[in-house]
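Single-structure report; data block below.
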Amino acid sequence: METKKRVWDGSQFRHRLTVLSHAAIIMTLVTIWLVYLIDVLQPLFIALGTYFVLKPGADYMSKKGFPLMLSYITMLLLAILIVLSAGFFAYQQAATLLDDEVRMDEYMEKLDERWEEVKEMPVIGQSLLDAGATVNGTIDQDLTSMGLLADDSGVQDVMSGLLASVGSLFIMGVTVLFFLLFIIFEASLLPGRIERAYPGGASERVHMIRDQIEASVNTYVVVKTGVGFGTGVCAGIVMLIFGIDLWFTWALLTFLLNYVPYIGSLLATIPPLILGFILLDPTMLMVMAVLLLSNQQLWGNVIETRWAGRALDISPVLLLVVTAFSFWVWGIVGMILSIPLIVILKIVLENIEATRPLAILLSERAPTLEEAWREAIKDGRITAYEERMLRELQDVLGYSDQQVKLISARIAAEYALRRGRLSIDQIKLIRIGISMMEQPRAWGGQFEDIVTEGKLSVMERLFIGKLIFALDDDEEE
């Protein structure tokens, strides 16, 4: 049967051109708002990001019987206690270092020595001299002549100025707190509004999409927060062992910049490496650099991938553009906020049918059917919304029903074996997959006799392990 080819006509071209022009206008307006409304929007986005960080803990407490508002207030108070404690400790650490005149003089002497060594290097030294540095000048004098410092200031004055700016952060913190309280209150009223706005069957579909979005966002926030905490703790221990001053401050910076994928943790290693360049000999500096970079790779590429089930699926070009744009608009704060919000936006788009093509365009690559099944079954159940999405993906990729049933059964069995527990949905998927095998009666009889819902026994584990290999063999055939 002949397929009807789509004809490109003028109306389609005008429609695409209209969409692009509208998108350009919206991006221009958004940029203007971000630049001129920074005092309003920056605390709002910080509060929104904080809300997503608090939400998983508040949801867990509410499931255990706590009232929803009390759960959020408890998590908020806990977050305030942690932030104030960490900020106070970092501030005290920096203030103590700046007040220690002997230590600061030692730093400046060693820094001048290292600066002289850098200026003696063949290529780098000549570049610095061409930029305005002098042969016998100190680092303060050379940076001033190069235009990087004011005439009457020095490196120590710059550090003191950064420390003095902490007061402005307190004012922003109060504004963020007010925004956060209103966001929490608004979120508690949202389900009732959805029920009134979309009554009947439409309400159920909206709730289903909302639940899927919340589950995905919660998973992302929990994973990034846990990985950032682990990376920061290990980095702090390494810096403490090597005697790097302000080790807690740099560990806290590592935790925060971990929300910026790929480059965030690398940026966080620059300050301790600079201090290590001043204080340590080249061999020890190299060892510390290797440990810090290995720590980032371990947590970012191994633990995070195993924990989340897959790495961050965002186009690297998009990440680079968003990071550069957010740094230009809001500086370091913009870098920390923008990438998590872009990831959350992508999660929202991919869980709404009309906007799913946009989410695919934002992705690094399109997911395979097996990856989609792994993502859906990892919580032990398949919702109606996930089932419909998997069916649509199956139709697009051209998989037969038998192939999908074998794949889904194998993945369900693998997750059950990994977690040591079988859910009702996993049992159903495995039963359906067994019915598609070459010897369904033999495997089905053993499955019904041996396997039950709940925690797996040793015998059940052995049987499911054999079943996984058998399902895999049938898939290949």
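Chains: A, B, ... in order of the structure tokens. Residues: from 1 per chain. Ligands: from 1, in order shown.
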In range 371-450 of chain A, what's alpha helix (DSSP H) per DSSP? Answer as a PyMOL selection string? chain A and resi 371-377+384-397+401-419+424-435+440-450
At a cut-off of 10 Å, can you tabulate as JSON lines every residue of range 254-302 of chain A near range 221-226 of chain A together with its closest atom pair and the distance in Å to one decimal, using only C-alpha atoms and ordering rows by chain then number?
```
{"residue": "A:Phe255", "atom": "CA", "partner": "A:Thr225", "partner_atom": "CA", "distance": 7.9}
{"residue": "A:Leu256", "atom": "CA", "partner": "A:Thr225", "partner_atom": "CA", "distance": 8.9}
{"residue": "A:Asn258", "atom": "CA", "partner": "A:Lys224", "partner_atom": "CA", "distance": 7.3}
{"residue": "A:Tyr259", "atom": "CA", "partner": "A:Lys224", "partner_atom": "CA", "distance": 6.4}
{"residue": "A:Val260", "atom": "CA", "partner": "A:Lys224", "partner_atom": "CA", "distance": 9.6}
{"residue": "A:Pro261", "atom": "CA", "partner": "A:Lys224", "partner_atom": "CA", "distance": 9.4}
{"residue": "A:Trp299", "atom": "CA", "partner": "A:Gly226", "partner_atom": "CA", "distance": 9.6}
{"residue": "A:Gly300", "atom": "CA", "partner": "A:Lys224", "partner_atom": "CA", "distance": 9.1}
```
Residue contacts of Leu429 in chain A (12 Å, only C-alpha atoms) excluding same-chain residues fewer than 3 positions away, as a list in words: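 Contacts, in chain order: Trp373, Ile377, Gly380, Arg381, Ile382, Glu387, Val404, Lys405, Leu406, Ile407, Ser408, Ala409, Arg410, Ile411, Ala412, Ala413, Glu414, Tyr415, Ala416, Leu422, Ser423, Ile424, Asp425, Gln426, Ile432, Gly433, Ile434, Ser435 and Met436 of chain A.
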Just-selected residues, C-alpha atoms written as a PDB file, in the first residue's frame:
```
ATOM      1  CA  TRP A 373      11.442  -0.149  30.932  1.00  0.00           C
ATOM      2  CA  ILE A 377      10.068  -0.578  36.791  1.00  0.00           C
ATOM      3  CA  GLY A 380       8.560  -1.848  41.629  1.00  0.00           C
ATOM      4  CA  ARG A 381       5.344  -0.834  39.880  1.00  0.00           C
ATOM      5  CA  ILE A 382       4.085   0.254  36.475  1.00  0.00           C
ATOM      6  CA  GLU A 387       2.338   1.777  30.532  1.00  0.00           C
ATOM      7  CA  VAL A 404       8.568  -6.465  24.770  1.00  0.00           C
ATOM      8  CA  LYS A 405       7.115  -9.078  27.124  1.00  0.00           C
ATOM      9  CA  LEU A 406      10.424 -10.941  27.297  1.00  0.00           C
ATOM     10  CA  ILE A 407      12.379  -7.716  27.869  1.00  0.00           C
ATOM     11  CA  SER A 408      10.011  -6.438  30.553  1.00  0.00           C
ATOM     12  CA  ALA A 409      10.026  -9.807  32.354  1.00  0.00           C
ATOM     13  CA  ARG A 410      13.829  -9.935  32.382  1.00  0.00           C
ATOM     14  CA  ILE A 411      14.146  -6.374  33.668  1.00  0.00           C
ATOM     15  CA  ALA A 412      11.527  -6.997  36.379  1.00  0.00           C
ATOM     16  CA  ALA A 413      13.396 -10.131  37.463  1.00  0.00           C
ATOM     17  CA  GLU A 414      16.737  -8.274  37.508  1.00  0.00           C
ATOM     18  CA  TYR A 415      15.371  -5.487  39.726  1.00  0.00           C
ATOM     19  CA  ALA A 416      13.720  -8.019  42.030  1.00  0.00           C
ATOM     20  CA  LEU A 422       9.227  -9.037  44.489  1.00  0.00           C
ATOM     21  CA  SER A 423       6.251  -6.741  44.002  1.00  0.00           C
ATOM     22  CA  ILE A 424       2.867  -7.656  42.526  1.00  0.00           C
ATOM     23  CA  ASP A 425       3.572  -5.724  39.307  1.00  0.00           C
ATOM     24  CA  GLN A 426       6.918  -7.494  38.888  1.00  0.00           C
ATOM     25  CA  ILE A 432       3.585 -12.715  31.067  1.00  0.00           C
ATOM     26  CA  GLY A 433       7.193 -13.062  29.949  1.00  0.00           C
ATOM     27  CA  ILE A 434       7.298 -16.763  30.908  1.00  0.00           C
ATOM     28  CA  SER A 435       4.209 -17.354  28.740  1.00  0.00           C
ATOM     29  CA  MET A 436       6.254 -16.126  25.735  1.00  0.00           C
TER      30      MET A 436
END
```
Nearest to Leu358 in chain A, chosen from A:Val83, A:Ile274, A:Ile314, A:Ile336, with only C-alpha atoms counted in the distances: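 Among the listed residues, the smallest separation from Leu358 in chain A belongs to A:Ile314.
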Record the distance separating CA of Tyr36 in chain A and CA of Phe327 in chain A, expressed in Å with one decimal. 15.1 Å
Surrounding residues of Ile46 in chain A excluding itself and chain neighbours under 2 positions, 10 Å, only C-alpha atoms, as a VMD selection string: chain A and resid 41 to 44 48 to 51 172 to 173 175 to 177 179 to 180 333 to 334 336 to 337
Residues from the last selection, N, CA and C atoms, saved as a JSON list (two decimals), in the first residue's frame:
```json
[["chain", "number", "residue", "atom", "x", "y", "z"],
["A", 41, "LEU", "N", 13.77, 37.92, 41.18],
["A", 41, "LEU", "CA", 13.77, 36.57, 40.62],
["A", 41, "LEU", "C", 14.82, 35.67, 41.25],
["A", 42, "GLN", "N", 15.99, 36.23, 41.61],
["A", 42, "GLN", "CA", 17.03, 35.38, 42.18],
["A", 42, "GLN", "C", 16.60, 34.73, 43.50],
["A", 43, "PRO", "N", 16.06, 35.49, 44.47],
["A", 43, "PRO", "CA", 15.55, 34.82, 45.69],
["A", 43, "PRO", "C", 14.41, 33.85, 45.40],
["A", 44, "LEU", "N", 13.57, 34.18, 44.39],
["A", 44, "LEU", "CA", 12.46, 33.29, 44.05],
["A", 44, "LEU", "C", 12.98, 31.95, 43.55],
["A", 48, "LEU", "N", 12.66, 28.26, 45.15],
["A", 48, "LEU", "CA", 12.09, 27.15, 44.40],
["A", 48, "LEU", "C", 13.01, 25.94, 44.43],
["A", 49, "GLY", "N", 14.32, 26.18, 44.25],
["A", 49, "GLY", "CA", 15.28, 25.08, 44.33],
["A", 49, "GLY", "C", 15.32, 24.47, 45.72],
["A", 50, "THR", "N", 15.24, 25.32, 46.76],
["A", 50, "THR", "CA", 15.23, 24.81, 48.14],
["A", 50, "THR", "C", 13.98, 23.98, 48.39],
["A", 51, "TYR", "N", 12.86, 24.39, 47.82],
["A", 51, "TYR", "CA", 11.62, 23.62, 47.98],
["A", 51, "TYR", "C", 11.76, 22.21, 47.42],
["A", 172, "MET", "N", 19.50, 38.42, 51.65],
["A", 172, "MET", "CA", 18.89, 37.58, 50.63],
["A", 172, "MET", "C", 18.27, 36.34, 51.26],
["A", 173, "GLY", "N", 18.93, 35.79, 52.30],
["A", 173, "GLY", "CA", 18.39, 34.61, 52.97],
["A", 173, "GLY", "C", 17.02, 34.85, 53.57],
["A", 175, "THR", "N", 14.81, 37.04, 52.47],
["A", 175, "THR", "CA", 13.88, 37.11, 51.34],
["A", 175, "THR", "C", 13.55, 35.72, 50.81],
["A", 176, "VAL", "N", 14.56, 34.87, 50.70],
["A", 176, "VAL", "CA", 14.35, 33.50, 50.25],
["A", 176, "VAL", "C", 13.42, 32.76, 51.19],
["A", 177, "LEU", "N", 13.57, 32.98, 52.49],
["A", 177, "LEU", "CA", 12.72, 32.31, 53.48],
["A", 177, "LEU", "C", 11.26, 32.68, 53.28],
["A", 179, "PHE", "N", 9.81, 33.75, 50.45],
["A", 179, "PHE", "CA", 9.37, 33.11, 49.22],
["A", 179, "PHE", "C", 9.10, 31.62, 49.45],
["A", 180, "LEU", "N", 9.97, 30.97, 50.19],
["A", 180, "LEU", "CA", 9.84, 29.53, 50.41],
["A", 180, "LEU", "C", 8.58, 29.20, 51.19],
["A", 333, "VAL", "N", 25.88, 32.10, 41.30],
["A", 333, "VAL", "CA", 24.54, 31.70, 41.76],
["A", 333, "VAL", "C", 23.70, 31.22, 40.59],
["A", 334, "GLY", "N", 23.82, 31.90, 39.45],
["A", 334, "GLY", "CA", 23.07, 31.48, 38.27],
["A", 334, "GLY", "C", 23.49, 30.13, 37.78],
["A", 336, "ILE", "N", 24.68, 27.66, 39.60],
["A", 336, "ILE", "CA", 24.18, 26.65, 40.54],
["A", 336, "ILE", "C", 22.69, 26.40, 40.34],
["A", 337, "LEU", "N", 21.94, 27.47, 40.04],
["A", 337, "LEU", "CA", 20.49, 27.35, 39.94],
["A", 337, "LEU", "C", 20.02, 26.86, 38.58]]
```
Could you check the closest approach to Leu279 in chain A for each of A:Ile237, A:Ala359, A:Leu111, A:Met335 and tell me which residue wins, using only C-alpha atoms? A:Leu111
Shortest interatomic distance to Ile183 in chain A - which of A:Met69, A:Val317, A:Val451, A:Ile468, counting only C-alpha atoms: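 The shortest atom-to-atom distance to Ile183 in chain A comes from A:Met69.
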